[in-house]
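Undergrad: My structure file upload.tsv, TSV, C-alpha atoms, is below:
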```tsv
chain	number	residue	atom	x	y	z
A	1	ARG	CA	56.24	-168.70	-5.14
A	2	SER	CA	59.82	-169.84	-4.57
A	3	MET	CA	61.27	-166.71	-6.22
A	4	HIS	CA	59.10	-164.46	-4.08
A	5	LEU	CA	60.02	-166.27	-0.87
A	6	ALA	CA	63.71	-166.18	-1.83
A	7	ALA	CA	63.47	-162.41	-2.39
A	8	PHE	CA	61.72	-162.02	0.97
A	9	ALA	CA	64.39	-164.12	2.70
A	10	PHE	CA	67.07	-161.90	1.14
A	11	LEU	CA	65.24	-158.80	2.40
A	12	LEU	CA	65.15	-160.29	5.90
A	13	ASP	CA	68.87	-161.14	5.75
A	14	GLU	CA	69.60	-157.47	5.05
A	15	LEU	CA	67.12	-156.13	7.60
A	16	GLN	CA	69.20	-156.82	10.72
A	17	ALA	CA	72.23	-154.97	9.32
A	18	ASP	CA	70.05	-152.14	8.02
A	19	LEU	CA	68.43	-151.64	11.42
A	20	GLU	CA	71.78	-151.79	13.20
A	21	ALA	CA	73.20	-149.13	10.86
A	22	LEU	CA	70.10	-146.98	11.30
A	23	ALA	CA	70.38	-147.30	15.08
A	24	GLU	CA	74.03	-146.30	15.05
A	25	GLU	CA	73.40	-143.33	12.77
A	26	GLY	CA	70.44	-142.26	14.91
A	27	GLY	CA	72.35	-142.33	18.19
A	28	ALA	CA	70.51	-145.31	19.66
A	29	ALA	CA	73.17	-146.05	22.29
A	30	ALA	CA	72.91	-142.56	23.78
A	31	ARG	CA	69.11	-142.61	23.49
A	32	TRP	CA	68.97	-145.95	25.31
A	33	ALA	CA	71.38	-144.79	28.04
A	34	ARG	CA	69.15	-141.77	28.78
A	35	GLU	CA	66.04	-143.92	28.82
A	36	LYS	CA	67.66	-146.51	31.08
A	37	GLU	CA	68.17	-143.82	33.73
A	38	SER	CA	64.59	-142.55	33.52
A	39	GLU	CA	62.16	-143.05	36.38
A	40	THR	CA	59.85	-144.99	34.07
A	41	ALA	CA	62.59	-147.47	33.19
A	42	LYS	CA	63.53	-147.93	36.83
A	43	LYS	CA	59.93	-148.85	37.62
A	44	TRP	CA	59.30	-151.07	34.60
A	45	GLU	CA	57.67	-154.35	35.50
A	46	LYS	CA	56.19	-157.26	33.65
A	47	ASN	CA	53.74	-159.53	35.45
A	48	GLY	CA	54.61	-157.84	38.74
A	49	GLU	CA	58.33	-158.55	38.33
A	50	LYS	CA	60.88	-155.77	37.97
A	51	ARG	CA	62.63	-156.00	34.60
A	52	GLN	CA	65.49	-154.23	32.90
A	53	ILE	CA	64.45	-152.45	29.75
A	54	PRO	CA	65.41	-154.24	26.52
A	55	THR	CA	68.76	-153.30	25.05
A	56	VAL	CA	68.96	-151.79	21.57
A	57	ALA	CA	70.18	-155.13	20.23
A	58	GLU	CA	67.24	-156.93	21.84
A	59	PHE	CA	64.85	-154.33	20.48
A	60	ILE	CA	66.24	-154.72	16.96
A	61	GLY	CA	66.16	-158.51	17.35
A	62	GLY	CA	62.50	-158.28	18.32
A	63	ILE	CA	61.71	-156.19	15.26
A	64	VAL	CA	63.42	-158.77	13.05
A	65	VAL	CA	61.43	-161.56	14.69
A	66	GLN	CA	58.23	-159.69	13.92
A	67	ALA	CA	59.32	-159.29	10.29
A	68	LYS	CA	60.13	-163.00	10.07
A	69	LYS	CA	56.59	-163.79	11.23
A	70	VAL	CA	55.29	-162.03	8.11
A	71	TYR	CA	57.59	-164.24	6.01
A	72	GLU	CA	56.38	-167.35	7.82
A	73	GLN	CA	52.76	-166.42	7.14
A	74	GLN	CA	53.53	-165.92	3.45
A	75	ALA	CA	55.34	-169.25	3.30
A	76	GLN	CA	52.03	-170.88	4.31
A	77	VAL	CA	50.26	-169.52	1.23
A	78	SER	CA	49.60	-172.33	-1.25
A	79	ASP	CA	51.12	-172.49	-4.72
A	80	ALA	CA	47.63	-172.19	-6.20
A	81	GLU	CA	47.04	-168.85	-4.44
A	82	TYR	CA	50.29	-167.40	-5.84
A	83	VAL	CA	48.85	-167.77	-9.35
A	84	SER	CA	46.28	-165.06	-8.64
A	85	ASP	CA	47.67	-161.67	-9.70
A	86	GLU	CA	45.74	-160.00	-6.92
A	87	VAL	CA	47.10	-162.31	-4.22
A	88	PHE	CA	50.66	-162.15	-5.56
A	89	ARG	CA	50.56	-158.35	-5.75
A	90	ALA	CA	49.32	-158.19	-2.14
A	91	LEU	CA	52.11	-160.53	-0.98
A	92	VAL	CA	54.78	-158.46	-2.73
A	93	MET	CA	53.40	-155.24	-1.22
A	94	GLU	CA	53.32	-156.82	2.22
A	95	MET	CA	56.94	-157.93	1.80
A	96	LEU	CA	58.05	-154.41	0.86
A	97	GLU	CA	55.98	-152.83	3.62
A	98	THR	CA	57.52	-155.17	6.17
A	99	LYS	CA	60.91	-153.52	5.75
A	100	LEU	CA	59.36	-150.05	5.75
A	101	PHE	CA	57.39	-150.79	8.91
A	102	ALA	CA	60.44	-152.32	10.63
A	103	ARG	CA	62.47	-149.18	9.93
A	104	SER	CA	59.57	-147.01	11.07
A	105	LYS	CA	59.35	-148.83	14.38
A	106	LEU	CA	63.01	-148.15	15.13
A	107	LEU	CA	62.85	-144.56	13.87
A	108	TRP	CA	59.77	-143.84	15.94
A	109	TRP	CA	61.64	-144.80	19.07
A	110	LEU	CA	64.80	-142.94	18.02
A	111	GLU	CA	63.03	-139.71	17.12
A	112	ASP	CA	60.40	-139.43	19.86
A	113	SER	CA	61.92	-139.17	23.33
A	114	ASN	CA	58.45	-139.64	24.86
A	115	ASN	CA	58.15	-143.02	23.17
A	116	LEU	CA	59.87	-145.52	25.45
A	117	ILE	CA	61.46	-148.75	24.28
A	118	THR	CA	59.17	-150.56	26.74
A	119	ASN	CA	56.17	-149.33	24.71
A	120	GLN	CA	57.38	-150.94	21.50
A	121	GLY	CA	55.82	-154.36	21.95
A	122	VAL	CA	59.01	-156.37	22.42
A	123	ASP	CA	60.07	-157.76	25.77
A	124	LEU	CA	63.39	-159.30	26.76
A	125	SER	CA	62.43	-162.70	25.37
A	126	TYR	CA	61.56	-161.18	21.98
A	127	SER	CA	57.91	-162.06	22.37
A	128	THR	CA	55.38	-159.40	21.61
A	129	VAL	CA	53.31	-157.91	24.37
A	130	THR	CA	50.22	-155.75	24.15
A	131	TYR	CA	51.58	-152.21	23.94
A	132	VAL	CA	51.28	-149.25	21.62
A	133	ALA	CA	53.38	-150.58	18.77
A	134	GLU	CA	52.93	-154.32	19.01
A	135	SER	CA	52.88	-154.76	15.28
A	136	LEU	CA	55.27	-153.31	12.76
A	137	ARG	CA	52.38	-151.57	11.01
A	138	GLY	CA	51.27	-149.99	14.30
A	139	ALA	CA	54.65	-148.34	14.72
A	140	HIS	CA	54.64	-147.11	11.14
A	141	GLU	CA	51.20	-145.59	11.55
A	142	GLY	CA	52.17	-144.04	14.90
A	143	TYR	CA	49.73	-145.68	17.27
```
Represent the structure of the file as structure tokens.

TA:
Amino acid sequence: RSMHLAAFAFLLDELQADLEALAEEGGAAARWAREKESETAKKWEKNGEKRQIPTVAEFIGGIVVQAKKVYEQQAQVSDAEYVSDEVFRALVMEMLETKLFARSKLLWWLEDSNNLITNQGVDLSYSTVTYVAESLRGAHEGY
């Protein structure tokens, strides 16, 4: 259990830097600047209040928070459950998929100009909202 959680923590430590590098390589700053000037962004509201769209850094931070929630859920699994090969295998797969899904969420936004940052399920306070890609898996699967 402790080795698995340590490996997951290490993966999460690397995730922020990986996403930042991916964003830079993918032209996230230019993509965000174009989106910020769009009519949709100018009209974006939450709870009837006009809001500025999340920055790339806030978006990445929100993705990392979602990934950390997966870690927190796994940390709640009891020692006894880790003994089961089936449970342990599922936890390891979920850990590896978490990074894949996090990257997919960022790439989906970078590569699809019709997919706005406001539809990615992360608001300015890093809390998830009910949009197309609320979960990391949802972004990976493209819905």

Undergrad: Please indicate the distance in Å from atom CA of Asn114 of chain A to atom CA of Gly61 of chain A, rounded to one decimal place.

TA: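 These atoms are spaced 21.7 Å apart.
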
Undergrad: Taking into account all atoms listed in the file, which residue in the set A:Glu86, A:Glu39, A:Glu94, A:Ala57 is nearest to Glu24 of chain A?

TA: A:Ala57

Undergrad: For Gln73 of chain A, which residue out of A:Phe10, A:Leu5, A:Gly26, A:Asp112 is the nearest one, using all atoms listed in the file?

TA: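 Smallest separation from Gln73 of chain A among the options: A:Leu5.
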
Undergrad: Between atom CA of Thr118 of chain A and atom CA of Ile53 of chain A, measure the distance and give it in Å to one decimal.

TA: 6.4 Å

Undergrad: Looking at A:Thr98, A:Asn115, A:Thr40, A:Ser104, which one is nearest to Ala23 of chain A, with distances taken over all atoms listed in the file?

TA: A:Ser104

Undergrad: Could you check the closest approach to Leu15 of chain A for each of A:Arg89, A:Phe101, A:Trp108, A:Val64 and tell me which residue wins, using all atoms listed in the file?

TA: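 Closest to Leu15 of chain A of all the choices is A:Val64.
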
Undergrad: Figure out the distance between atom CA of Gly62 of chain A and atom CA of Arg31 of chain A, please, to one decimal in Å.

TA: 17.8 Å
